[in-house]
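Chemist: The structure's right below; bear with me while I get my questions together.
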Amino acid sequence: MRSALSREKVLAAAVALADTDGIRALTMRRLAADLGVEAMSLYHHVPDKETLLDGVADTVVAEVVAGAGGESGGEDWREVLRRRFLAARRVMLRHPWAPALLGTRRTIPMSVIGYYDGILGTLVAAGFTYHLAHRAVHAFGSMPLGFAQEVFSPAATGGSMDVEATEAELAAMAATVPHLTAMVAAEVHAAADPTLGWCDSQVEFEFTLDLLLDGLERLRRLRA
């Protein structure tokens with residue numbers, strides 16, 4: 001006997017479908033088929049596609065929050081935040097479509113607001129003023145959620161960063177922007193594991209994260 005449908009079951013199936021076939025494959029009809037129900041049955045739980053996508057985003061953020069963990073007594077604030085952000089990154093690596101989805105939502109999930117409030121609490125408890133903590137949150141950007149928004153990111157708008165296509169574009173751009181072209185060419189060839197974007201690799205993520213954490217610690221000490 002098939003178990004009763006619930007919003008949680010619908011959203012779990014939606015996340016699983018996106019993981020398998022990508023977020024573009026997620027339609028009400030396809031989701032209903034995966035659940036073995038008529039599409040109309042879904043509307044009791046998610047009345048339209050945008051509500052479904054909002055729920056999927058909430059589900060992923062809930063994974064981030066659940067994996068964040070708490071502080072242990074006496075632990076350096078940088079280690080606390082580093083652990084949380086890298087835990088969030090593991091969630092995004094499980095759901096590589098999620099960064100682009102989060103970037104398209106019209107409202108900020110309350111779970112995200114609560115999560116960032118916890119980050120502020122960690123900073124203030126470590127001796128940051130609210131002014132400096134505010135600047136820190138801006139500097140972190142999307143990194144607390146496990147990914148970095150790229151300056152040039154075709155994938156965020158549904159495109160791709162295919163190496164051959166990129167190299168053809170670089171050849172056309174070379175005369176106009178030689179330094180940017182050279183940098184991108186070097187990174188494309190060096191990207192053995194271009195996770196979550198052509199240059200949002202694990203190495204780049206951790207480098208930027210450590211740079212921010214160490215710089216903020218220096219500022220905290222100067223203003224203590």
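Every chain in the structure tokens takes a letter, A first, then B, and so on in the order presented; its residues are numbered from 1, and the ligands are numbered from 1 following the presented order.
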Which polymer residues have any atom within 6 Å of an atom of region 38-51 of chain A, counting only C-alpha atoms, with same-chain residues fewer than 6 positions away left out, as a list of chain:residue names?
Modeler: A:Arg7, A:Arg29, A:Ala32
Chemist: If DSSP is run on the backbone, what residues of region 88-153 of chain A are helix (DSSP H, G or I)? A reply as a PyMOL selection string would be ideal.
Modeler: chain A and resi 88-94+98-104+110-125+130-140+143-145
Chemist: If we count only C-alpha atoms and set the cut-off at 6 Å, which residues sit around region 62-71 of chain A, ignoring sequence neighbours fewer than 4 positions away in its own chain? Please answer as a ChimeraX atom specification.
Modeler: /A:84,87-88
Chemist: Nearest to Met92 (chain A) among A:Gly127, A:Gly74, A:Gly36, A:Gly146, with distances taken over only C-alpha atoms: which residue is it?
Modeler: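 Nearest candidate to Met92 (chain A) out of A:Gly127, A:Gly74, A:Gly36, A:Gly146: A:Gly146.
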Chemist: Need to verify the contact set: Phe85 (chain A), 12 Å, only C-alpha atoms, exclusion of same-chain residues closer than 6 positions in sequence. Can you return it as a list in words?
Modeler: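 Near neighbours after the sequence-gap exclusion: Val64, Val65, Gly67, Ala68, Gly69, Arg78, Glu79, Val91, Met92, Tyr115, Tyr116, Ile119, Phe140, Gly141, Ser142, Met143, Pro144, Leu145, Gly146, Phe147, Ala148, Gln202, Phe205, Glu206, Thr208, Leu209, Asp210 and Leu213 of chain A.
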Chemist: Give me a file of those residues, with N, CA, C and O atoms, as an mmCIF file, in the first residue's frame.
Modeler:
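Below you can see again_27.cif, which holds the result:
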data_model
loop_
_atom_site.group_PDB
_atom_site.id
_atom_site.type_symbol
_atom_site.label_atom_id
_atom_site.label_comp_id
_atom_site.auth_asym_id
_atom_site.auth_seq_id
_atom_site.Cartn_x
_atom_site.Cartn_y
_atom_site.Cartn_z
ATOM 1 N N VAL A 64 21.652 22.508 5.269
ATOM 2 C CA VAL A 64 22.791 23.348 5.649
ATOM 3 C C VAL A 64 22.742 23.641 7.145
ATOM 4 O O VAL A 64 23.742 23.494 7.860
ATOM 5 N N VAL A 65 21.580 24.060 7.627
ATOM 6 C CA VAL A 65 21.417 24.413 9.036
ATOM 7 C C VAL A 65 21.657 23.191 9.921
ATOM 8 O O VAL A 65 22.343 23.267 10.950
ATOM 9 N N GLY A 67 23.505 20.672 9.344
ATOM 10 C CA GLY A 67 24.910 20.270 9.341
ATOM 11 C C GLY A 67 25.851 21.281 9.954
ATOM 12 O O GLY A 67 27.044 21.019 10.086
ATOM 13 N N ALA A 68 25.312 22.458 10.345
ATOM 14 C CA ALA A 68 26.175 23.533 10.829
ATOM 15 C C ALA A 68 26.850 23.200 12.142
ATOM 16 O O ALA A 68 28.005 23.547 12.375
ATOM 17 N N GLY A 69 26.138 22.524 13.031
ATOM 18 C CA GLY A 69 26.717 22.180 14.324
ATOM 19 C C GLY A 69 26.838 23.384 15.239
ATOM 20 O O GLY A 69 26.656 24.522 14.826
ATOM 21 N N ARG A 78 37.081 31.333 14.293
ATOM 22 C CA ARG A 78 37.375 31.021 12.892
ATOM 23 C C ARG A 78 37.151 29.546 12.598
ATOM 24 O O ARG A 78 36.631 29.200 11.534
ATOM 25 N N GLU A 79 37.525 28.696 13.543
ATOM 26 C CA GLU A 79 37.311 27.270 13.343
ATOM 27 C C GLU A 79 35.825 26.934 13.346
ATOM 28 O O GLU A 79 35.373 26.066 12.599
ATOM 29 N N VAL A 91 26.890 20.097 1.498
ATOM 30 C CA VAL A 91 25.490 20.036 1.081
ATOM 31 C C VAL A 91 25.359 20.489 -0.363
ATOM 32 O O VAL A 91 24.671 19.863 -1.177
ATOM 33 N N MET A 92 26.022 21.600 -0.720
ATOM 34 C CA MET A 92 25.929 22.107 -2.081
ATOM 35 C C MET A 92 26.563 21.155 -3.097
ATOM 36 O O MET A 92 26.093 21.049 -4.231
ATOM 37 N N TYR A 115 19.958 31.244 10.303
ATOM 38 C CA TYR A 115 21.321 30.728 10.153
ATOM 39 C C TYR A 115 22.335 31.868 10.222
ATOM 40 O O TYR A 115 23.351 31.784 10.925
ATOM 41 N N TYR A 116 22.077 32.964 9.506
ATOM 42 C CA TYR A 116 22.980 34.111 9.535
ATOM 43 C C TYR A 116 22.968 34.785 10.912
ATOM 44 O O TYR A 116 23.987 35.341 11.343
ATOM 45 N N ILE A 119 25.503 33.071 12.843
ATOM 46 C CA ILE A 119 26.847 33.504 12.455
ATOM 47 C C ILE A 119 27.195 34.808 13.164
ATOM 48 O O ILE A 119 28.300 34.967 13.712
ATOM 49 N N PHE A 140 31.517 37.766 3.588
ATOM 50 C CA PHE A 140 31.320 36.335 3.374
ATOM 51 C C PHE A 140 30.418 36.060 2.169
ATOM 52 O O PHE A 140 30.592 35.058 1.487
ATOM 53 N N GLY A 141 29.475 36.950 1.918
ATOM 54 C CA GLY A 141 28.576 36.737 0.782
ATOM 55 C C GLY A 141 27.821 35.435 0.908
ATOM 56 O O GLY A 141 27.206 35.143 1.929
ATOM 57 N N SER A 142 27.899 34.601 -0.136
ATOM 58 C CA SER A 142 27.181 33.322 -0.135
ATOM 59 C C SER A 142 28.008 32.185 0.455
ATOM 60 O O SER A 142 27.520 31.053 0.550
ATOM 61 N N MET A 143 29.243 32.445 0.884
ATOM 62 C CA MET A 143 30.100 31.376 1.376
ATOM 63 C C MET A 143 29.518 30.625 2.576
ATOM 64 O O MET A 143 29.718 29.414 2.690
ATOM 65 N N PRO A 144 28.796 31.283 3.496
ATOM 66 C CA PRO A 144 28.183 30.513 4.581
ATOM 67 C C PRO A 144 27.233 29.435 4.091
ATOM 68 O O PRO A 144 26.979 28.452 4.795
ATOM 69 N N LEU A 145 26.693 29.599 2.883
ATOM 70 C CA LEU A 145 25.802 28.590 2.310
ATOM 71 C C LEU A 145 26.556 27.557 1.478
ATOM 72 O O LEU A 145 25.954 26.677 0.870
ATOM 73 N N GLY A 146 27.881 27.663 1.424
ATOM 74 C CA GLY A 146 28.678 26.613 0.807
ATOM 75 C C GLY A 146 29.089 26.823 -0.625
ATOM 76 O O GLY A 146 29.594 25.912 -1.275
ATOM 77 N N PHE A 147 28.890 28.032 -1.146
ATOM 78 C CA PHE A 147 29.329 28.303 -2.512
ATOM 79 C C PHE A 147 29.684 29.766 -2.620
ATOM 80 O O PHE A 147 29.332 30.571 -1.760
ATOM 81 N N ALA A 148 30.407 30.116 -3.671
ATOM 82 C CA ALA A 148 30.803 31.501 -3.894
ATOM 83 C C ALA A 148 30.172 31.982 -5.187
ATOM 84 O O ALA A 148 30.292 31.315 -6.219
ATOM 85 N N GLN A 202 37.139 23.546 -4.689
ATOM 86 C CA GLN A 202 37.366 23.437 -3.250
ATOM 87 C C GLN A 202 38.561 24.289 -2.825
ATOM 88 O O GLN A 202 38.519 24.966 -1.796
ATOM 89 N N PHE A 205 37.571 27.964 -2.855
ATOM 90 C CA PHE A 205 36.639 28.235 -1.753
ATOM 91 C C PHE A 205 37.388 28.364 -0.433
ATOM 92 O O PHE A 205 37.209 29.323 0.316
ATOM 93 N N GLU A 206 38.242 27.395 -0.133
ATOM 94 C CA GLU A 206 38.967 27.411 1.141
ATOM 95 C C GLU A 206 39.980 28.546 1.190
ATOM 96 O O GLU A 206 40.195 29.140 2.256
ATOM 97 N N THR A 208 39.704 31.534 -0.239
ATOM 98 C CA THR A 208 38.957 32.766 0.023
ATOM 99 C C THR A 208 38.428 32.789 1.445
ATOM 100 O O THR A 208 38.486 33.826 2.133
ATOM 101 N N LEU A 209 37.921 31.662 1.913
ATOM 102 C CA LEU A 209 37.391 31.583 3.273
ATOM 103 C C LEU A 209 38.471 31.883 4.302
ATOM 104 O O LEU A 209 38.268 32.700 5.215
ATOM 105 N N ASP A 210 39.640 31.267 4.166
ATOM 106 C CA ASP A 210 40.730 31.492 5.128
ATOM 107 C C ASP A 210 41.243 32.925 5.054
ATOM 108 O O ASP A 210 41.598 33.526 6.084
ATOM 109 N N LEU A 213 38.645 34.995 6.981
ATOM 110 C CA LEU A 213 38.674 34.731 8.420
ATOM 111 C C LEU A 213 39.914 35.349 9.075
ATOM 112 O O LEU A 213 39.823 35.993 10.126
#
Chemist: Residues at most 12 Å from Thr107 (chain A), counting only C-alpha atoms, excluding those fewer than 2 positions away in the same chain, as a PyMOL selection string?
Modeler: chain A and resi 50-51+53-55+57-58+101-105+109-113
Chemist: Write the residues of the preceding selection, restricted to all heavy atoms, as a CSV table (one decimal), in the first residue's frame.
Modeler:
chain,number,residue,atom,x,y,z
A,50,GLU,N,6.4,27.7,-8.6
A,50,GLU,CA,7.2,28.5,-7.8
A,50,GLU,C,7.2,28.1,-6.4
A,50,GLU,O,8.2,28.2,-5.7
A,50,GLU,CB,6.8,30.0,-8.0
A,50,GLU,CG,7.2,30.6,-9.3
A,50,GLU,CD,8.7,30.6,-9.5
A,50,GLU,OE1,9.5,31.0,-8.7
A,50,GLU,OE2,9.1,30.0,-10.6
A,51,THR,N,6.0,27.7,-5.9
A,51,THR,CA,6.0,27.3,-4.5
A,51,THR,C,6.8,26.0,-4.3
A,51,THR,O,7.4,25.8,-3.3
A,51,THR,CB,4.5,27.0,-4.1
A,51,THR,OG1,3.7,28.2,-4.3
A,51,THR,CG2,4.4,26.6,-2.6
A,53,LEU,N,9.5,25.2,-6.0
A,53,LEU,CA,10.9,25.6,-6.0
A,53,LEU,C,11.3,26.3,-4.7
A,53,LEU,O,12.4,26.0,-4.2
A,53,LEU,CB,11.2,26.5,-7.2
A,53,LEU,CG,11.1,25.8,-8.6
A,53,LEU,CD1,11.3,26.9,-9.7
A,53,LEU,CD2,12.1,24.7,-8.7
A,54,ASP,N,10.4,27.1,-4.1
A,54,ASP,CA,10.7,27.7,-2.8
A,54,ASP,C,10.8,26.6,-1.8
A,54,ASP,O,11.7,26.6,-0.9
A,54,ASP,CB,9.5,28.6,-2.4
A,54,ASP,CG,9.6,29.9,-3.1
A,54,ASP,OD1,10.6,30.3,-3.7
A,54,ASP,OD2,8.5,30.6,-3.2
A,55,GLY,N,10.0,25.6,-1.8
A,55,GLY,CA,10.1,24.5,-0.9
A,55,GLY,C,11.3,23.7,-1.0
A,55,GLY,O,11.9,23.2,-0.1
A,57,ALA,N,14.2,24.9,-2.2
A,57,ALA,CA,15.2,25.7,-1.6
A,57,ALA,C,15.3,25.6,-0.1
A,57,ALA,O,16.3,25.5,0.5
A,57,ALA,CB,15.0,27.2,-2.1
A,58,ASP,N,14.1,25.7,0.5
A,58,ASP,CA,14.0,25.6,2.0
A,58,ASP,C,14.6,24.2,2.4
A,58,ASP,O,15.2,24.2,3.5
A,58,ASP,CB,12.5,25.7,2.4
A,58,ASP,CG,12.1,27.1,2.5
A,58,ASP,OD1,12.9,28.0,2.8
A,58,ASP,OD2,10.9,27.4,2.4
A,101,LEU,N,19.6,27.9,-8.0
A,101,LEU,CA,18.2,28.0,-7.5
A,101,LEU,C,18.0,29.0,-6.4
A,101,LEU,O,17.1,29.8,-6.4
A,101,LEU,CB,17.7,26.6,-7.0
A,101,LEU,CG,16.3,26.6,-6.4
A,101,LEU,CD1,15.2,26.9,-7.5
A,101,LEU,CD2,16.0,25.2,-5.8
A,102,LEU,N,18.9,29.0,-5.4
A,102,LEU,CA,18.8,29.9,-4.3
A,102,LEU,C,18.9,31.4,-4.8
A,102,LEU,O,18.3,32.3,-4.3
A,102,LEU,CB,19.9,29.6,-3.3
A,102,LEU,CG,19.8,28.4,-2.5
A,102,LEU,CD1,21.0,28.1,-1.7
A,102,LEU,CD2,18.5,28.4,-1.6
A,103,GLY,N,19.7,31.6,-5.9
A,103,GLY,CA,19.9,32.9,-6.4
A,103,GLY,C,18.7,33.4,-7.2
A,103,GLY,O,18.6,34.6,-7.4
A,104,THR,N,17.7,32.5,-7.5
A,104,THR,CA,16.5,33.0,-8.2
A,104,THR,C,15.3,33.2,-7.3
A,104,THR,O,14.3,33.7,-7.8
A,104,THR,CB,16.1,32.0,-9.3
A,104,THR,OG1,15.7,30.7,-8.7
A,104,THR,CG2,17.3,31.7,-10.3
A,105,ARG,N,15.4,32.9,-6.0
A,105,ARG,CA,14.2,33.0,-5.2
A,105,ARG,C,13.9,34.4,-4.9
A,105,ARG,O,14.8,35.2,-4.6
A,105,ARG,CB,14.4,32.2,-3.9
A,105,ARG,CG,14.6,30.7,-4.0
A,105,ARG,CD,13.4,30.0,-4.7
A,105,ARG,NE,13.5,30.0,-6.1
A,105,ARG,CZ,12.5,30.0,-7.0
A,105,ARG,NH1,11.3,30.0,-6.5
A,105,ARG,NH2,12.7,30.0,-8.3
A,109,PRO,N,14.4,32.6,2.7
A,109,PRO,CA,13.8,31.7,3.6
A,109,PRO,C,14.1,32.1,5.1
A,109,PRO,O,15.3,32.6,5.4
A,109,PRO,CB,14.4,30.4,3.3
A,109,PRO,CG,14.9,30.5,1.9
A,109,PRO,CD,15.3,31.9,1.7
A,110,MET,N,13.2,32.0,6.0
A,110,MET,CA,13.4,32.3,7.4
A,110,MET,C,14.6,31.5,7.9
A,110,MET,O,15.3,31.9,8.8
A,110,MET,CB,12.2,32.1,8.2
A,110,MET,CG,11.2,33.2,8.1
A,110,MET,SD,11.8,34.8,8.6
A,110,MET,CE,12.3,34.5,10.3
A,111,SER,N,14.7,30.3,7.4
A,111,SER,CA,15.8,29.4,7.9
A,111,SER,C,17.2,30.0,7.6
A,111,SER,O,18.1,29.9,8.4
A,111,SER,CB,15.7,28.0,7.3
A,111,SER,OG,15.7,28.1,5.9
A,112,VAL,N,17.3,30.7,6.5
A,112,VAL,CA,18.5,31.4,6.1
A,112,VAL,C,18.8,32.6,7.1
A,112,VAL,O,19.9,32.8,7.5
A,112,VAL,CB,18.5,31.9,4.6
A,112,VAL,CG1,19.7,32.9,4.4
A,112,VAL,CG2,18.5,30.8,3.7
A,113,ILE,N,17.7,33.3,7.4
A,113,ILE,CA,17.9,34.5,8.3
A,113,ILE,C,18.3,34.0,9.7
A,113,ILE,O,19.2,34.6,10.3
A,113,ILE,CB,16.5,35.2,8.4
A,113,ILE,CG1,16.2,35.9,7.0
A,113,ILE,CG2,16.6,36.3,9.5
A,113,ILE,CD1,14.8,36.5,7.0
Chemist: Looking at only C-alpha atoms, which of A:Ala4, A:Leu81, A:Asp76, A:Trp97 is the one that sits closest to Leu17 (chain A)?
Modeler: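 Looking only at the distances to Leu17 (chain A), the closest residue turns out to be A:Trp97.
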Chemist: Would you compute the distance between CA of Leu222 (chain A) and CA of Phe128 (chain A)? Give it in Å to one decimal.
Modeler: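 Between these atoms lies a distance of 10.7 Å.
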Chemist: Skipping near chain neighbours, those fewer than 2 positions away, what residues fall within 12 Å of Gly22 (chain A) using only C-alpha atoms, listed as number ranges by chain?
Modeler: A: 14-20, 24-27, 94-98, 100-101, 158
Chemist: Can you tell me how far CA of Trp77 (chain A) sits from CA of Val203 (chain A), in Å to one decimal?
Modeler: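 So the answer is 21.2 Å.
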